[in-house]
>>> print(open('data.tsv').read())   # TSV, C-alpha atoms
chain	number	residue	atom	x	y	z
C	1	MET	CA	-29.25	7.87	-19.00
C	2	ILE	CA	-27.89	6.54	-15.67
C	3	TYR	CA	-30.45	5.63	-13.01
C	4	TYR	CA	-29.90	5.99	-9.28
C	5	PRO	CA	-31.51	3.84	-6.56
C	6	LYS	CA	-32.99	4.81	-3.21
C	7	LYS	CA	-30.75	6.48	-0.64
C	8	VAL	CA	-30.34	3.34	1.48
C	9	ASN	CA	-28.59	1.61	-1.42
C	10	LEU	CA	-26.32	4.57	-2.11
C	11	GLU	CA	-24.98	4.71	1.44
C	12	GLN	CA	-22.54	1.86	0.77
C	13	THR	CA	-21.67	2.90	-2.77
C	14	SER	CA	-17.93	3.15	-3.24
C	15	SER	CA	-16.26	6.27	-4.50
C	16	GLU	CA	-14.44	6.08	-7.79
C	17	ILE	CA	-11.07	6.13	-6.00
C	18	THR	CA	-11.84	3.26	-3.65
C	19	ALA	CA	-13.55	1.25	-6.42
C	20	GLU	CA	-10.49	1.58	-8.65
C	21	TYR	CA	-8.26	0.52	-5.79
C	22	LYS	CA	-10.34	-2.58	-5.06
C	23	ALA	CA	-10.22	-3.49	-8.74
C	24	SER	CA	-6.42	-3.33	-8.65
C	25	LEU	CA	-6.40	-6.06	-5.96
C	26	ILE	CA	-8.43	-8.73	-7.74
C	27	GLU	CA	-6.81	-11.85	-9.14
C	28	GLY	CA	-7.62	-13.91	-12.22
C	29	ASN	CA	-10.08	-13.49	-15.06
C	30	THR	CA	-13.42	-14.07	-13.36
C	31	ILE	CA	-14.92	-12.20	-10.42
C	32	ALA	CA	-18.25	-12.45	-8.65
C	33	ASP	CA	-19.64	-9.49	-6.72
C	34	ILE	CA	-22.11	-11.34	-4.49
C	35	THR	CA	-23.57	-8.19	-2.92
C	36	GLY	CA	-23.72	-6.21	-6.15
C	37	GLY	CA	-26.01	-3.36	-5.11
C	38	PHE	CA	-25.83	-0.30	-7.35
C	39	GLY	CA	-22.89	-1.87	-9.21
C	40	VAL	CA	-20.11	0.69	-8.85
C	41	ASP	CA	-17.60	-1.93	-7.70
C	42	SER	CA	-18.72	-4.45	-10.34
C	43	TYR	CA	-18.22	-1.83	-13.05
C	44	TYR	CA	-14.61	-1.22	-12.01
C	45	PHE	CA	-13.97	-4.95	-11.57
C	46	SER	CA	-15.11	-5.43	-15.18
C	47	LYS	CA	-12.24	-3.20	-16.31
C	48	GLN	CA	-9.72	-5.62	-14.79
C	49	ALA	CA	-11.35	-9.02	-15.23
C	50	GLU	CA	-12.49	-10.73	-18.41
C	51	GLN	CA	-15.85	-11.63	-16.84
C	52	ALA	CA	-17.64	-10.04	-13.88
C	53	THR	CA	-20.86	-11.37	-12.38
C	54	HIS	CA	-23.13	-9.02	-10.44
C	55	PHE	CA	-25.41	-10.82	-7.96
C	56	GLU	CA	-28.18	-8.75	-6.39
C	57	ILE	CA	-31.20	-10.28	-4.65
C	58	ASN	CA	-33.23	-7.05	-4.95
C	59	GLU	CA	-34.88	-7.29	-8.37
C	60	SER	CA	-35.38	-3.55	-8.81
C	61	LEU	CA	-31.76	-2.78	-7.93
C	62	SER	CA	-30.52	-5.58	-10.19
C	63	LYS	CA	-32.45	-4.08	-13.11
C	64	ILE	CA	-31.04	-0.61	-12.43
C	65	ALA	CA	-27.50	-1.99	-12.38
C	66	ALA	CA	-28.05	-3.95	-15.61
C	67	HIS	CA	-29.42	-0.83	-17.33
C	68	ASN	CA	-26.47	1.28	-16.17
C	69	PHE	CA	-23.89	-1.30	-17.25
C	70	LYS	CA	-25.44	-1.28	-20.72
C	71	GLN	CA	-25.30	2.52	-20.85
C	72	LEU	CA	-21.62	2.38	-19.81
C	73	HIS	CA	-20.86	-0.29	-22.44
C	74	ALA	CA	-19.70	-2.74	-19.77
C	75	THR	CA	-20.60	-5.77	-21.86
C	76	ASN	CA	-18.58	-8.27	-19.80
C	77	ILE	CA	-20.83	-8.01	-16.72
C	78	ARG	CA	-23.53	-10.61	-16.15
C	79	CYS	CA	-26.39	-9.49	-13.88
C	80	LYS	CA	-28.19	-12.17	-11.90
C	81	THR	CA	-31.08	-11.57	-9.52
C	82	GLU	CA	-30.03	-14.20	-7.02
C	83	ASN	CA	-28.75	-14.62	-3.49
C	84	GLY	CA	-25.00	-14.43	-4.02
C	85	ILE	CA	-24.15	-16.87	-1.23
C	86	ASP	CA	-26.38	-19.53	-2.78
C	87	ALA	CA	-25.26	-18.77	-6.33
C	88	ILE	CA	-21.52	-19.30	-5.79
C	89	LYS	CA	-22.18	-22.91	-4.78
C	90	LYS	CA	-22.93	-23.60	-8.46
C	91	GLU	CA	-19.80	-22.06	-10.02
C	92	ASN	CA	-16.22	-21.22	-9.06
C	93	TYR	CA	-14.54	-17.82	-9.57
C	94	ASP	CA	-10.99	-16.52	-9.41
C	95	THR	CA	-12.09	-13.72	-7.06
C	96	ILE	CA	-15.20	-13.22	-4.97
C	97	PHE	CA	-16.04	-9.80	-3.54
C	98	VAL	CA	-18.54	-9.20	-0.77
C	99	ASP	CA	-19.69	-6.00	0.92
C	100	PRO	CA	-22.00	-7.14	3.76
C	101	SER	CA	-24.85	-4.83	4.66
C	102	ARG	CA	-24.07	-2.86	7.80
C	103	ARG	CA	-27.75	-2.55	8.72
C	104	HIS	CA	-29.87	-4.88	10.78
C	105	GLU	CA	-33.64	-4.92	11.22
C	106	THR	CA	-33.44	-4.56	14.99
C	107	LYS	CA	-29.95	-3.28	15.73
C	108	GLY	CA	-29.58	-0.46	13.19
C	109	LYS	CA	-25.89	0.08	12.45
C	110	VAL	CA	-23.79	-2.88	13.55
C	111	PHE	CA	-20.17	-3.43	14.48
C	112	PHE	CA	-19.65	-7.19	14.18
C	113	LEU	CA	-19.41	-9.28	11.04
C	114	HIS	CA	-21.79	-11.93	12.34
C	115	ASP	CA	-24.51	-9.27	12.60
C	116	CYS	CA	-24.11	-8.25	8.94
C	117	GLU	CA	-25.96	-9.61	5.92
C	118	PRO	CA	-24.65	-11.90	4.57
C	119	ASN	CA	-23.05	-13.43	7.65
C	120	ILE	CA	-19.60	-14.12	6.20
C	121	PRO	CA	-18.10	-15.85	9.27
C	122	GLN	CA	-20.94	-18.37	9.10
C	123	HIS	CA	-20.52	-18.98	5.36
C	124	LEU	CA	-16.73	-18.58	5.18
C	125	PRO	CA	-15.79	-22.22	4.31
C	126	GLU	CA	-18.18	-22.45	1.36
C	127	VAL	CA	-17.23	-18.99	0.04
C	128	LEU	CA	-13.51	-19.81	0.19
C	129	ASN	CA	-14.16	-23.12	-1.56
C	130	ALA	CA	-15.69	-21.21	-4.48
C	131	CYS	CA	-12.73	-18.90	-5.20
C	132	ASP	CA	-8.97	-18.42	-5.13
C	133	LEU	CA	-9.26	-14.99	-3.51
C	134	LEU	CA	-11.96	-13.56	-1.26
C	135	MET	CA	-12.13	-9.79	-0.81
C	136	LEU	CA	-14.33	-8.58	2.02
C	137	LYS	CA	-15.17	-4.92	2.45
C	138	THR	CA	-16.15	-3.60	5.88
C	139	ALA	CA	-16.90	-0.23	7.41
C	140	PRO	CA	-14.07	1.74	9.08
C	141	MET	CA	-15.67	1.36	12.51
C	142	LEU	CA	-15.01	-2.39	12.59
C	143	ASP	CA	-12.18	-3.08	15.03
C	144	ILE	CA	-9.33	-4.98	13.35
C	145	SER	CA	-8.76	-7.36	16.25
C	146	ALA	CA	-12.51	-8.06	16.46
C	147	GLY	CA	-12.62	-8.80	12.73
C	148	LEU	CA	-9.71	-11.21	13.01
C	149	GLU	CA	-11.45	-13.06	15.84
C	150	GLU	CA	-14.35	-13.80	13.49
C	151	LEU	CA	-12.37	-14.54	10.32
C	152	LYS	CA	-9.80	-17.18	9.38
C	153	HIS	CA	-7.25	-17.30	6.54
C	154	VAL	CA	-6.74	-13.51	6.28
C	155	PHE	CA	-3.43	-12.63	4.60
C	156	GLN	CA	-3.86	-8.88	4.05
C	157	ILE	CA	-5.92	-6.02	5.45
C	158	HIS	CA	-6.03	-2.81	3.42
C	159	ILE	CA	-7.05	0.37	5.23
C	160	VAL	CA	-8.22	2.84	2.59
C	161	ALA	CA	-8.49	6.56	3.30
C	162	VAL	CA	-9.32	9.42	0.94
C	163	ASN	CA	-8.11	12.89	1.92
C	164	ASN	CA	-7.31	11.63	5.42
C	165	GLU	CA	-10.74	10.06	6.05
C	166	VAL	CA	-10.86	6.28	6.34
C	167	LYS	CA	-13.50	5.01	3.91
C	168	GLU	CA	-13.26	1.23	4.15
C	169	LEU	CA	-11.32	-1.82	5.27
C	170	LEU	CA	-10.55	-4.53	2.73
C	171	TRP	CA	-9.87	-8.03	4.07
C	172	LEU	CA	-8.14	-10.42	1.67
C	173	LEU	CA	-8.48	-14.15	2.39
C	174	LYS	CA	-7.29	-17.38	0.78
C	175	LYS	CA	-8.33	-20.90	1.61
C	176	ASP	CA	-5.93	-22.66	4.02
C	177	TYR	CA	-3.75	-19.55	4.53
C	178	ASN	CA	-2.51	-19.36	8.12
C	179	GLY	CA	0.60	-17.17	7.91
C	180	GLU	CA	1.48	-13.60	8.83
C	181	ILE	CA	-1.06	-10.86	8.15
C	182	GLU	CA	0.13	-7.76	6.31
C	183	ILE	CA	-1.51	-4.42	7.11
C	184	ILE	CA	-1.41	-2.00	4.17
C	185	THR	CA	-2.50	1.59	4.72
C	186	LYS	CA	-3.40	3.91	1.84
C	187	ASN	CA	-4.26	7.58	2.05
C	188	PHE	CA	-5.28	8.94	-1.36
C	189	LYS	CA	-4.63	12.68	-1.52
C	190	LYS	CA	-5.16	15.17	-4.34
C	191	THR	CA	-1.54	15.14	-5.47
C	192	ASN	CA	-0.11	11.89	-4.09
C	193	THR	CA	-0.85	8.68	-2.21
C	194	GLU	CA	0.65	7.86	1.19
C	195	THR	CA	1.42	4.17	1.71
C	196	TYR	CA	2.65	2.40	4.81
C	197	SER	CA	2.61	-1.33	5.55
C	198	PHE	CA	3.68	-3.66	8.34
C	199	ILE	CA	3.11	-7.14	9.73
C	200	TYR	CA	0.19	-7.32	12.16
C	201	GLY	CA	1.30	-8.11	15.69
C	202	LYS	CA	4.96	-7.24	15.12
C	203	SER	CA	6.33	-5.83	18.36
C	204	SER	CA	8.48	-2.75	18.67
C	205	GLU	CA	9.39	-0.48	21.55
C	206	PRO	CA	9.59	3.21	20.60
C	207	PHE	CA	11.99	5.75	22.03
C	208	TYR	CA	10.49	8.75	23.80
C	209	ASP	CA	11.76	12.30	23.80
C	210	GLU	CA	10.85	15.93	24.33
C	211	PRO	CA	9.50	17.77	21.27
C	212	LYS	CA	12.33	18.68	18.87
C	213	ARG	CA	12.23	20.91	15.79
C	214	PHE	CA	9.64	18.93	13.81
C	215	LEU	CA	6.31	17.31	14.70
C	216	TYR	CA	4.64	14.45	12.81
C	217	GLU	CA	0.99	13.41	12.87
C	218	PRO	CA	0.17	10.04	11.19
C	219	ASN	CA	-2.62	9.98	8.64
C	220	ALA	CA	-6.02	8.52	9.49
C	221	ALA	CA	-5.31	5.14	7.87
C	222	ILE	CA	-2.24	4.62	10.06
C	223	LEU	CA	-4.12	5.73	13.17
C	224	LYS	CA	-6.76	3.10	12.35
C	225	SER	CA	-4.09	0.44	11.80
C	226	GLY	CA	-2.65	0.64	15.31
C	227	GLY	CA	0.95	0.53	14.10
C	228	PHE	CA	2.01	3.35	16.39
C	229	ASN	CA	5.26	1.95	17.74
C	230	LEU	CA	6.50	0.70	14.37
C	231	ILE	CA	6.18	4.22	12.94
C	232	SER	CA	8.81	5.37	15.42
C	233	GLU	CA	11.25	2.66	14.36
C	234	ASP	CA	10.63	2.75	10.61
C	235	PHE	CA	10.93	6.53	10.21
C	236	LYS	CA	13.58	7.04	12.92
C	237	LEU	CA	11.33	9.29	14.99
C	238	LYS	CA	10.86	9.73	18.72
C	239	LYS	CA	7.41	9.35	20.25
C	240	LEU	CA	6.14	12.07	22.58
C	241	HIS	CA	4.36	9.64	24.95
C	242	ARG	CA	3.22	6.02	24.99
C	243	ASN	CA	-0.41	7.07	24.46
C	244	THR	CA	0.28	10.17	22.36
C	245	HIS	CA	0.52	9.21	18.72
C	246	LEU	CA	2.63	12.17	17.72
C	247	TYR	CA	6.31	11.99	16.77
C	248	THR	CA	9.29	14.32	16.65
C	249	SER	CA	12.77	14.73	15.17
C	250	GLU	CA	15.48	17.31	14.84
C	251	ALA	CA	15.94	16.71	11.11
C	252	LEU	CA	13.03	16.72	8.68
C	253	ARG	CA	11.95	13.29	7.39
C	254	ASP	CA	9.51	11.97	4.82
C	255	PHE	CA	6.37	10.81	6.58
C	256	PRO	CA	2.89	9.44	5.71
C	257	GLY	CA	0.96	12.19	7.42
C	258	ARG	CA	1.14	15.85	8.33
C	259	ARG	CA	4.47	17.54	9.17
C	260	PHE	CA	4.91	20.66	11.25
C	261	ILE	CA	7.61	22.99	12.51
C	262	ILE	CA	7.39	23.41	16.28
C	263	GLU	CA	7.64	27.15	16.86
C	264	LYS	CA	7.09	27.12	20.62
C	265	ILE	CA	6.38	24.70	23.48
C	266	LEU	CA	4.17	25.97	26.30
C	267	PRO	CA	3.15	24.31	29.54
C	268	TYR	CA	-0.62	23.85	29.55
C	269	SER	CA	-1.76	26.96	31.37
C	270	LYS	CA	-4.41	29.54	30.61
C	271	LYS	CA	-2.01	32.27	31.65
C	272	GLU	CA	0.78	31.08	29.33
C	273	LEU	CA	-1.45	30.63	26.30
C	274	LYS	CA	-3.21	33.98	26.79
C	275	LYS	CA	0.20	35.67	26.55
C	276	GLU	CA	0.51	34.46	22.96
C	277	GLN	CA	-2.66	36.38	21.99
C	278	ILE	CA	-3.73	33.73	19.48
C	279	GLU	CA	-7.17	34.62	18.12
C	280	LYS	CA	-7.38	32.06	15.31
C	281	ALA	CA	-5.83	28.59	14.97
C	282	ASN	CA	-6.29	24.98	13.91
C	283	ILE	CA	-6.56	22.92	17.09
C	284	THR	CA	-5.80	19.22	17.56
C	285	THR	CA	-5.89	17.22	20.79
C	286	ARG	CA	-3.93	13.99	21.30
C	287	ASN	CA	-4.00	12.14	24.63
C	288	PHE	CA	-5.54	15.20	26.28
C	289	GLN	CA	-8.36	15.57	28.79
C	290	GLU	CA	-10.24	18.43	27.12
C	291	SER	CA	-12.10	18.50	23.80
C	292	VAL	CA	-11.33	20.87	20.94
C	293	SER	CA	-14.66	22.66	21.42
C	294	ALA	CA	-14.01	23.13	25.14
C	295	ILE	CA	-10.55	24.54	24.42
C	296	ARG	CA	-11.89	26.97	21.81
C	297	LYS	CA	-14.45	28.25	24.28
C	298	LYS	CA	-11.97	28.44	27.15
C	299	PHE	CA	-9.34	30.41	25.21
C	300	THR	CA	-11.66	32.19	22.74
C	301	ILE	CA	-9.84	30.86	19.68
C	302	LYS	CA	-11.55	30.81	16.29
C	303	ASP	CA	-11.00	28.01	13.78
C	304	GLY	CA	-8.64	28.37	10.80
C	305	GLY	CA	-5.56	30.35	9.90
C	306	ASP	CA	-1.90	29.34	9.60
C	307	VAL	CA	-1.28	28.54	13.28
C	308	TYR	CA	-1.60	24.93	14.46
C	309	LEU	CA	-2.01	24.17	18.14
C	310	PHE	CA	-1.50	20.67	19.52
C	311	PHE	CA	-2.81	20.14	23.04
C	312	THR	CA	-1.16	16.94	24.17
C	313	THR	CA	0.74	14.94	26.76
C	314	ILE	CA	4.48	14.34	26.48
C	315	HIS	CA	6.71	11.86	28.30
C	316	PRO	CA	6.47	11.10	31.18
C	317	SER	CA	3.06	12.78	31.76
C	318	LYS	CA	3.39	16.51	31.13
C	319	LYS	CA	0.53	18.51	29.56
C	320	VAL	CA	1.76	20.94	26.92
C	321	VAL	CA	0.65	23.10	24.00
C	322	LEU	CA	2.75	22.91	20.84
C	323	ILE	CA	2.51	26.01	18.66
C	324	CYS	CA	3.30	24.93	15.11
C	325	SER	CA	3.34	25.93	11.47
C	326	LYS	CA	3.03	23.57	8.52
C	327	VAL	CA	6.17	22.33	6.80
C	328	LYS	CA	6.60	23.80	3.36
C	329	ASN	CA	8.17	21.79	0.54
C	330	SER	CA	11.11	24.15	0.27
C	331	ILE	CA	12.50	23.15	3.70
>>> encode(input="data.tsv", output="structure tokens")
Amino acid sequence: MIYYPKKVNLEQTSSEITAEYKASLIEGNTIADITGGFGVDSYYFSKQAEQATHFEINESLSKIAAHNFKQLHATNIRCKTENGIDAIKKENYDTIFVDPSRRHETKGKVFFLHDCEPNIPQHLPEVLNACDLLMLKTAPMLDISAGLEELKHVFQIHIVAVNNEVKELLWLLKKDYNGEIEIITKNFKKTNTETYSFIYGKSSEPFYDEPKRFLYEPNAAILKSGGFNLISEDFKLKKLHRNTHLYTSEALRDFPGRRFIIEKILPYSKKELKKEQIEKANITTRNFQESVSAIRKKFTIKDGGDVYLFFTTIHPSKKVVLICSKVKNSI
């Protein structure tokens, strides 16, 4: 029988997909999960490493994890009811994983690493001294530039999305590393995985153009990454506007996101859109002054169907509505 802890401990529990992905990133034979919690990540780490150590300061939660590991026959996991930050001072590991708590007694949900528990920026030198690789998991709401201001020696940041919803950021650090930082975006879908990577801070100037035959919308992981201009260069696409993260081309291209056929381009006008007599559609706004709910109410359009409406701004500053249909594989 598998036991489950209180809800507060389940809120940060990784999904099977993200746990498997984290396990694929670890290095070496020994790993310490210093914020073990329910133990989902430790369990998947144990499938990759020869020895996994699960540190959890909460005695009840540590016992639940130990029981579950036994039920799952994960015999290479040691469970220790200790403060992980203090414990790693006694022993070195190939990889250390930490998932700081995103709750604070007075602040509720937090957005800075120094407000989390444990405070990794404060303890960073001693943690890096205890391992070859440090993997830090943070919530999607943490701003990448803000995280980099607090951390040193980051060499990779993985942005992990499942079905186009960003689930977590993974920061990989090594002692004394001071080189370029690679951003790797992953969007795990039912039938495939979209991957896109680039060097953080690399500059690129996109080309702008009017909407052509096809429209491209980056997946959520890419939107989080901020690599908007590089997308234009790497996939040979034109951007609709500097602040509109939608792209276009005359010929269909592979793309890590959604692809559409542009059926019609309308100037943003109640009169023009009413002529189309669209009663049901999927609506997206990009760089647009009105919300989706306000647009639905204004034009009396229900959600769903096979029509996709993009309310957006194109270069130089023209408000338009793009009436689209989804690209089918046969095209």
>>> closest_atom_pairs(input="data.tsv", of="stretch 201-315 of chain C", to="stretch 147-170 of chain C", cutoff="8 Å", atoms="only C-alpha atoms", output="JSON lines")
{"residue": "C:Asn219", "atom": "CA", "partner": "C:Asn164", "partner_atom": "CA", "distance": 5.9}
{"residue": "C:Ala220", "atom": "CA", "partner": "C:Asn164", "partner_atom": "CA", "distance": 5.3}
{"residue": "C:Ala221", "atom": "CA", "partner": "C:Ile159", "partner_atom": "CA", "distance": 5.7}
{"residue": "C:Lys224", "atom": "CA", "partner": "C:Ile159", "partner_atom": "CA", "distance": 7.6}
{"residue": "C:Ser225", "atom": "CA", "partner": "C:Ile159", "partner_atom": "CA", "distance": 7.2}
>>> closest_residue(input="data.tsv", among="C:Ile31, C:Leu128, C:Ile199, C:Cys116", to="C:Tyr93", atoms="all atoms listed in the file")
C:Ile31
>>> atom_distance(input="data.tsv", atom1="atom CA of C:Gln51", atom2="atom CA of C:Pro100")
22.0 Å
>>> closest_residue(input="data.tsv", among="C:Ile88, C:Leu246, C:Ile261, C:Val327", to="C:Ile314", atoms="all atoms listed in the file")
C:Leu246
>>> closest_residue(input="data.tsv", among="C:Asp143, C:Glu205, C:Glu217, C:Asp132", to="C:Phe111", atoms="only C-alpha atoms")
C:Asp143
>>> residues_around(input="data.tsv", residues="C:Lys275", least_positions_apart="4", cutoff="12 Å", atoms="all atoms listed in the file", output="number ranges by chain")
C: 266, 269-271, 279, 299
>>> write_last_selection(input="data.tsv", atoms="C-alpha atoms", output="compact mmCIF listing (two decimals), keeping the file's coordinate frame")
# COMPACT_ATOMS: atom_id res chain seq x y z
CA LEU C 266 4.17 25.97 26.30
CA SER C 269 -1.76 26.96 31.37
CA LYS C 270 -4.41 29.54 30.61
CA LYS C 271 -2.01 32.27 31.65
CA GLU C 279 -7.17 34.62 18.12
CA PHE C 299 -9.34 30.41 25.21
>>> residues_around(input="data.tsv", residues="stretch 318-324 of chain C", least_positions_apart="3", cutoff="6 Å", atoms="all atoms listed in the file", output="list in words")
Phe260, Ile261, Ile262, Glu263, Lys264, Ile265, Leu266, Pro267, Tyr268, Tyr308, Leu309, Phe310, Phe311, Thr312, Thr313 and Ile314 of chain C
>>> write_last_selection(input="data.tsv", atoms="C-alpha atoms", output="PDB file, keeping the file's coordinate frame")
ATOM      1  CA  PHE C 260       4.910  20.660  11.250  1.00  0.00           C
ATOM      2  CA  ILE C 261       7.610  22.990  12.510  1.00  0.00           C
ATOM      3  CA  ILE C 262       7.390  23.410  16.280  1.00  0.00           C
ATOM      4  CA  GLU C 263       7.640  27.150  16.860  1.00  0.00           C
ATOM      5  CA  LYS C 264       7.090  27.120  20.620  1.00  0.00           C
ATOM      6  CA  ILE C 265       6.380  24.700  23.480  1.00  0.00           C
ATOM      7  CA  LEU C 266       4.170  25.970  26.300  1.00  0.00           C
ATOM      8  CA  PRO C 267       3.150  24.310  29.540  1.00  0.00           C
ATOM      9  CA  TYR C 268      -0.620  23.850  29.550  1.00  0.00           C
ATOM     10  CA  TYR C 308      -1.600  24.930  14.460  1.00  0.00           C
ATOM     11  CA  LEU C 309      -2.010  24.170  18.140  1.00  0.00           C
ATOM     12  CA  PHE C 310      -1.500  20.670  19.520  1.00  0.00           C
ATOM     13  CA  PHE C 311      -2.810  20.140  23.040  1.00  0.00           C
ATOM     14  CA  THR C 312      -1.160  16.940  24.170  1.00  0.00           C
ATOM     15  CA  THR C 313       0.740  14.940  26.760  1.00  0.00           C
ATOM     16  CA  ILE C 314       4.480  14.340  26.480  1.00  0.00           C
TER      17      ILE C 314
END
>>> residues_around(input="data.tsv", residues="C:His315", least_positions_apart="4", cutoff="7 Å", atoms="only C-alpha atoms", output="list in words")
Tyr208, Asp209, Leu240 and His241 of chain C
